[in-house]
Amino acid sequence: MKRLWEHIGQTNSASAAYLVAGAVWFFVGASYGLTTAIHLVSPELFNNIPWLVFGRTRPIHVNTVIYGFVVSAGVGAALHYVPALLKTRLWSERLGWLSWLFWQAAVVSGPICFSLGITQGREYAEYTFPFDCCVMATLLLLLVNLVMTVANRTEKSLYVSVWYILGMALWTAGVYPIGNVMWNPPSGALPGLLDSVFLWFYGHNLVGLLLTPAALASAYYVIPRICKTPLYSHTLSLVGFWALAAIYTHIGGHHILQAPIPNWLKTLSVVDSMAMIVPVLTVLVNLWLTARGRFGMLWNDIAGRWVLVGTLWYLVTCIQGPIQSLPSVQKITHFSNWTIGHAHIAVLGFSGFIALGAMWHVLPAVAGREIWSRRLLHIQFGLMMFGLAGFFAVLTTAGLIQGHAWYNGETEYRVLPEIAPYMALRAMLGLFIIAGALLGLINVILTFTRGPRLAPPVEIVRPAPTGQGVAL
Amino acid sequence: MKMTPALLILGGLLVFWTSVFIAIFLPAMTMRETPSDIWQPWTAEQSAGHDLYVANGCSYCHSQFVRVFDSGHGANRVSQIGDWYDQTPAILGTERTGPDLSLEGGEHPDDWHIAHFVNPRNTRPQSLMPSWEFLGHDNIHKLTALMQSQGGLLAKRRMDGEQTDGSGGQNYWKAQATAAFEAGPDANIQWLHENVAAPWRAMPNPYQADQAALGRGQLYYQQFCIGCHGSVGDGQTPAAKYIYPPPLNFTELDGRLWQGKYIGGIFYYQVMNGITGTAMPYFKRELESEKIWDVSNYVAVRFLGYTDAGLYPYGIGVSYEDPSWRNPYLVSPATQPAGRPAAAPARSPQ
């Protein structure tokens with residue numbers, strides 16, 4: 001049996017490293033989520049334990065899930081399917097490993113540093129300067145690796161998944177240093193109100209230009225493959241891709257709509273929030289028409305089921321998002337658990353479900369082994385679907401209670417007993433998601449160690465040749 | 001359109017950086033921040049408090065700006081650009097599990113904050129905030145200093161105002177309250193009563209102290225009062241360790257009622273407006289009229305065995321109330337001070 005380091009440099013080894021890290025961080029991040037949720041039910045359960053105090057575990061949960069789980073799993077899948085789509089090998093597996101190492105250093109700094117109160121404190125931008133540098137190193141190494149892979153391709157045309165993954169690295173390498181104010185290392189912030197403009201440009205594009213392209217790239221890869229059909233429309237792919245870049249980048253202001261930022265910035269953010277309908281629906285229409293008549297194939301393939309349901313969560317998220325950007329709606333929903341519910345279906349429901357689907361889809365090819373237990377995958381899906389749907393219902397309800405009560409003149413303190421049962425339900429539902437994360441982690445590890453070997457190793461081909469109007 | 005690597009990369013960069021120009025560079029070039037009308041620089045201690053606020057994630061439950069349509073805590077001034085001048089980072093926040101803190105300064109005296117930071121349930125029995133005792137005495141004082149700076153000049157007025165006409169700040173009234181407390185229970189209660197507006201002193205509780213009302217009063221007492229005054233109303237609570245003057249022991253009121261009989265209006269006034277300078281906060285933004293009268297009846301009946309509910313003066317009876325109700329709490333069997341009405345009076349104009 002080979003030692004771990006002997007795998008470095010082998011085809012798909014960097015992909016495997018990212019996938020395993022994603023599975024691990026999902027479990028760690030979800031566990032921190034439960035710890036955080038318990039505070040809102042029983043604030044003295046972890047009384048005076050500094051590293052478990054709410055204000056420190058919450059950013060650990062958020063950052064670990066976003067960077068550790070969703071991005072690791074998404075990039076892991078991409079490092080497999082981008083070379084496959086280009087009919088070549090990843091330009092450098094070693095560079096892939098190096099990027100992985102920097103990424104894991106950044107992610108692990110969350111549980112360690114935040115537990116000790118070492119944080120820049122700005123929501124989603126908490127990682128301190130050295131670890132911001134690690135994130136940047138990863139993005140630039142990935143960019144080099146991907147561009148060189150493209151340069152060395154044997155397939156002439158670039159499939160839409162490749163656009164999104166390249167765009168993800170290209171854009172996030174711009175978004176991240178701006179949002180983290182990396183030219184000001186100690187605080188990672190600007191003085192005054194302007195900082196919030198930078199922070200929410202970043203906070204929103206973290207979802208829009210990092211999580212979304214990663215998820216859409218995976219969906220564009222997995223759905224045609226499982227359905228064994230060509231992509232419905234090249235034109236819609238183009239519209240969706242460019243509209244995402246042009247529109248998503250303007251809407252961060254809706255997070256601070258009720259603060260005294262310039263009015264034109266507020267207007268811009270609301271108008272472009274509504275305009276998000278364009279990139280969202282073009283992509284969804286394209287994906288669903290690709291699968292038309294074959295949704296059964298998608299549903300019956302457990303990896304495809306995850307991706308399919310991820311696209312449904314995308315629809316829900318992206319109908320809810322524009323609506324809650326409207327000032328008259330935000331009057332009620334802002335500051336409440338409504339937003340927490342929205343964040344969970346966006347990160348876990350949309351990008352998380354698709355990352356998991358992509359992971360399970362490519363894992364046999366990456367590991368050279370069959371999934372250890374498909375039955376376990378079905379159980380994991382059921383647990384997570386129930387947990388997340390319940391989360392969404394409970395948090396949205398709690399948010400409406402809070403928002404209406406506040407608007408009716410009640411103080412935050414008066415509303416706490418009103419949301420108490422929902423906070424308890426939320427913590428209980430979190431157990432389902434953690435159970436899902438744990439089963440997934442076990443399944444990943446056992447696939448790598450005990451999954452039935454595939455012989456000969458499956459050859460990865462790009463999605464079936466594209467049809468009308470799909471000449472790439 | 002054929003997607004080539006060059007188009008993808010150059011086009012991607014062009015679209016992205018154009019957007020950055022609009023959404024980031026334009027605001028950075030055009031937003032001018034100058035200190036607002038209430039802005040004040042932080043002291044070193046307040047700045048250290050802000051570092052703790054950032055490090056411990058206070059911003060995940062507390063916002064730092066007041067909106068046009070907010071009511072409640074801090075809602076007497078809508079936030080303006082310039083309020084966060086020179087603050088790094090100014091974390092406006094995205095959630096309100098707890099109240100907005102942008103105008104927190106001077107809402108409470110320091111001792112309330114310290115008791116609250118050590119264990120939030122000390123002063124707010126239903127709070128979900130974690131205990132911050134582990135941060136230690138020095139850090140809790142720094143956080144308290146930060147809290148008292150929130151709201152700049154408004155906060156400074158609330159803390160250091162020196163007028164004696166009732167608009168004085170926490171520090172002015174703290175000195176008065178401390179002197180009264182140290183002069184003994186008679187002088188203390190005399191001082192407390194004298195600082196209730198005159199019409200309220202001779203106002204009996206207009207709500208009947210029936211079992212349902214006392215039950216509601218007990219609920220509000222548990223939600224708001226029990227942390228400092230305790231389950232038997234003696235003020236011997238964990239919070240009392242941090243609060244000076246300490247929470248009132250209600251049983252001390254026995255024999256010291258205003259004109260020997262009035263208690264309801266005095267309680268109402270003190271619950272409504274609080275006693276600035278002491279840890280007793282105002283509750284007028286959290287409890288509507290009936291709730292304050294109910295808790296007043298509950299405190300009076302539960303801890304004194306006496307309430308002035310139903311005493312004269314009164315006007316036309318309230319439609320829902322039972323006119324045959326007689327106040328059974330006019331005589332306290334344990335102690336019968338002189339001057340108390342000995343029996344329930346007939347409900348007729350006198």
# chains A, B, ... in the order shown; residues from 1 in each chain; ligands from 1
>>> closest_atom_pairs(of="chain A", to="chain B", cutoff="7 Å", atoms="only C-alpha atoms", output="tab-separated table")
residue	atom	partner	partner_atom	distance
A:Leu40	CA	B:Leu128	CA	6.0
A:Pro43	CA	B:Leu128	CA	5.4
A:Glu44	CA	B:Pro130	CA	6.7
A:Asn47	CA	B:Ser131	CA	6.4
A:Asn48	CA	B:Phe134	CA	5.4
A:Pro50	CA	B:Phe134	CA	6.7
A:Val53	CA	B:Pro130	CA	6.7
A:Phe54	CA	B:Pro130	CA	6.9
A:Gly55	CA	B:Gly57	CA	3.9
A:Arg56	CA	B:Asn56	CA	5.8
A:Gly117	CA	B:Ala55	CA	4.7
A:Ile118	CA	B:Ala55	CA	6.2
A:Thr119	CA	B:Ala55	CA	5.7
A:Gly121	CA	B:Val54	CA	5.0
A:Arg122	CA	B:Ile91	CA	6.5
A:Leu158	CA	B:Met3	CA	6.6
A:Trp163	CA	B:Leu8	CA	6.7
A:Gly167	CA	B:Gly12	CA	6.5
A:Trp171	CA	B:Phe16	CA	6.8
A:Ala189	CA	B:Pro89	CA	5.5
A:Leu190	CA	B:Thr88	CA	6.1
A:Pro191	CA	B:Thr88	CA	4.5
A:Gly192	CA	B:Tyr85	CA	4.7
A:Leu193	CA	B:Trp84	CA	6.1
A:Leu194	CA	B:Ala28	CA	6.8
A:Phe198	CA	B:Ile24	CA	6.6
A:Ala245	CA	B:Phe16	CA	6.3
A:Ala246	CA	B:Val15	CA	5.9
A:Thr249	CA	B:Ser19	CA	6.0
A:His250	CA	B:Ala23	CA	5.7
A:Gln258	CA	B:Arg67	CA	6.1
A:Ala259	CA	B:Phe65	CA	6.8
A:Pro260	CA	B:Ile81	CA	5.7
A:Phe335	CA	B:Glu95	CA	3.9
A:Ser336	CA	B:Glu95	CA	5.8
A:Tyr407	CA	B:Asp70	CA	6.9
A:Gly409	CA	B:Ser71	CA	5.4
A:Glu410	CA	B:Glu286	CA	6.6
A:Thr411	CA	B:Gly72	CA	5.6
A:Glu412	CA	B:Pro99	CA	5.7
A:Tyr413	CA	B:Gly98	CA	6.7
A:Arg414	CA	B:Glu286	CA	6.9
A:Leu472	CA	B:Lys2	CA	5.9
>>> select_by_dssp(residues="stretch 127-323 of chain B", states="alpha helix (DSSP H)", output="compact mmCIF listing (two decimals) with C-alpha atoms, in the first residue's frame")
# COMPACT_ATOMS: atom_id res chain seq x y z
CA HIS B 137 -12.74 42.14 35.05
CA ASP B 138 -10.54 44.44 32.95
CA ASN B 139 -12.01 43.43 29.62
CA ILE B 140 -15.56 43.74 30.90
CA HIS B 141 -14.73 47.29 31.95
CA LYS B 142 -13.36 48.01 28.49
CA LEU B 143 -16.52 46.69 26.87
CA THR B 144 -18.57 48.77 29.29
CA ALA B 145 -16.55 51.86 28.32
CA LEU B 146 -17.28 51.12 24.66
CA MET B 147 -21.00 50.72 25.36
CA GLN B 148 -21.10 54.07 27.15
CA SER B 149 -19.46 55.75 24.16
CA GLY B 152 -21.13 59.99 20.91
CA LEU B 153 -22.33 63.34 22.24
CA LEU B 154 -25.83 61.96 22.90
CA ALA B 155 -24.27 59.28 25.07
CA LYS B 156 -22.07 61.84 26.80
CA ARG B 157 -25.13 63.92 27.69
CA ARG B 158 -26.88 60.84 29.08
CA MET B 159 -23.86 60.00 31.19
CA ASP B 160 -22.60 63.40 32.30
CA GLN B 170 -26.46 58.70 34.96
CA ASN B 171 -23.47 59.98 36.89
CA TYR B 172 -25.34 62.93 38.43
CA TRP B 173 -28.20 60.76 39.64
CA LYS B 174 -25.90 57.96 40.71
CA ALA B 175 -24.36 60.32 43.27
CA GLN B 176 -27.83 61.32 44.54
CA ALA B 177 -29.07 57.73 44.69
CA THR B 178 -25.93 56.55 46.46
CA ALA B 179 -26.19 59.28 49.08
CA ALA B 180 -29.84 58.42 49.69
CA PHE B 181 -29.12 54.71 49.98
CA GLU B 182 -26.29 55.28 52.40
CA PRO B 185 -33.97 52.89 54.41
CA ASP B 186 -36.15 55.75 55.68
CA ALA B 187 -34.20 58.42 53.82
CA ASN B 188 -33.77 56.20 50.77
CA ILE B 189 -37.46 55.49 50.35
CA GLN B 190 -38.28 59.13 51.09
CA TRP B 191 -35.85 60.11 48.30
CA LEU B 192 -37.27 57.53 45.91
CA HIS B 193 -40.82 58.74 46.53
CA GLU B 194 -39.92 62.40 46.22
CA ALA B 198 -46.29 64.45 42.22
CA PRO B 199 -49.53 63.34 40.49
CA TRP B 200 -48.31 59.75 40.39
CA ARG B 201 -47.51 59.59 44.10
CA GLN B 211 -56.00 36.36 40.39
CA ALA B 212 -55.65 36.58 36.61
CA ALA B 213 -54.02 40.02 36.82
CA LEU B 214 -51.64 38.87 39.56
CA GLY B 215 -50.75 35.84 37.43
CA ARG B 216 -49.90 38.10 34.51
CA GLY B 217 -47.95 40.37 36.84
CA GLN B 218 -45.96 37.39 38.07
CA LEU B 219 -45.08 36.46 34.49
CA TYR B 220 -43.79 39.97 33.73
CA ILE B 226 -36.46 38.70 38.98
CA GLY B 227 -32.78 38.96 38.00
CA CYS B 228 -32.12 41.91 40.30
CA HIS B 229 -34.99 41.86 42.82
CA GLY B 264 -49.49 51.76 42.69
CA GLY B 265 -48.73 55.01 40.90
CA ILE B 266 -45.26 55.17 42.41
CA PHE B 267 -44.41 51.67 41.18
CA TYR B 268 -45.89 52.49 37.81
CA TYR B 269 -43.79 55.61 37.43
CA GLN B 270 -40.59 53.88 38.50
CA VAL B 271 -41.13 50.89 36.21
CA MET B 272 -42.08 53.17 33.34
CA ASN B 273 -39.18 55.60 33.61
CA SER B 289 -49.65 50.36 30.34
CA GLU B 290 -51.69 47.37 31.57
CA LYS B 291 -48.57 45.24 31.95
CA ILE B 292 -46.88 47.81 34.14
CA TRP B 293 -49.98 48.16 36.34
CA ASP B 294 -50.24 44.37 36.59
CA VAL B 295 -46.63 43.96 37.65
CA SER B 296 -47.12 46.83 40.12
CA ASN B 297 -50.07 45.04 41.69
CA TYR B 298 -48.09 41.79 41.74
CA VAL B 299 -45.06 43.30 43.47
CA ALA B 300 -47.26 45.10 45.98
CA VAL B 301 -49.40 42.07 46.84
CA ARG B 302 -46.65 39.47 46.70
CA PHE B 303 -44.01 41.28 48.74
CA LEU B 304 -46.04 43.70 50.89
>>> residues_around(residues="stretch 442-446 of chain A", least_positions_apart="2", cutoff="8 Å", atoms="only C-alpha atoms", output="list of chain:residue names")
A:Val20, A:Ala23, A:Ile371, A:Trp372, A:Ser373, A:Leu376, A:Leu377, A:Leu438, A:Leu439, A:Gly440, A:Phe448, A:Thr449, A:Arg450, A:Gly451
>>> residues_around(residues="B:Leu311", least_positions_apart="2", cutoff="6 Å", atoms="only C-alpha atoms", output="ChimeraX atom specification")
/B:204,308-309
>>> write_last_selection(atoms="C-alpha atoms", output="short mmCIF file (atom, residue, chain, number, x, y, z; two decimals), in the first residue's frame")
data_model
loop_
_atom_site.label_atom_id
_atom_site.label_comp_id
_atom_site.auth_asym_id
_atom_site.auth_seq_id
_atom_site.Cartn_x
_atom_site.Cartn_y
_atom_site.Cartn_z
CA PRO B 204 -53.78 54.21 43.29
CA ASP B 308 -53.95 50.31 46.76
CA ALA B 309 -55.95 48.95 43.80
#
>>> atom_distance(atom1="atom CA of A:Leu429", atom2="atom CA of A:Gly321")
23.0 Å
>>> residues_around(residues="stretch 387-403 of chain A", least_positions_apart="3", cutoff="10 Å", atoms="only C-alpha atoms", output="number ranges by chain")
A: 313, 329-345, 348-349, 381-384, 406-408, 410-412, 414-416, 418-436; B: 96-97
>>> closest_residue(among="B:Gly49, B:Gly260, B:Pro109, B:Gly74", to="B:Ile243", atoms="only C-alpha atoms")
B:Pro109
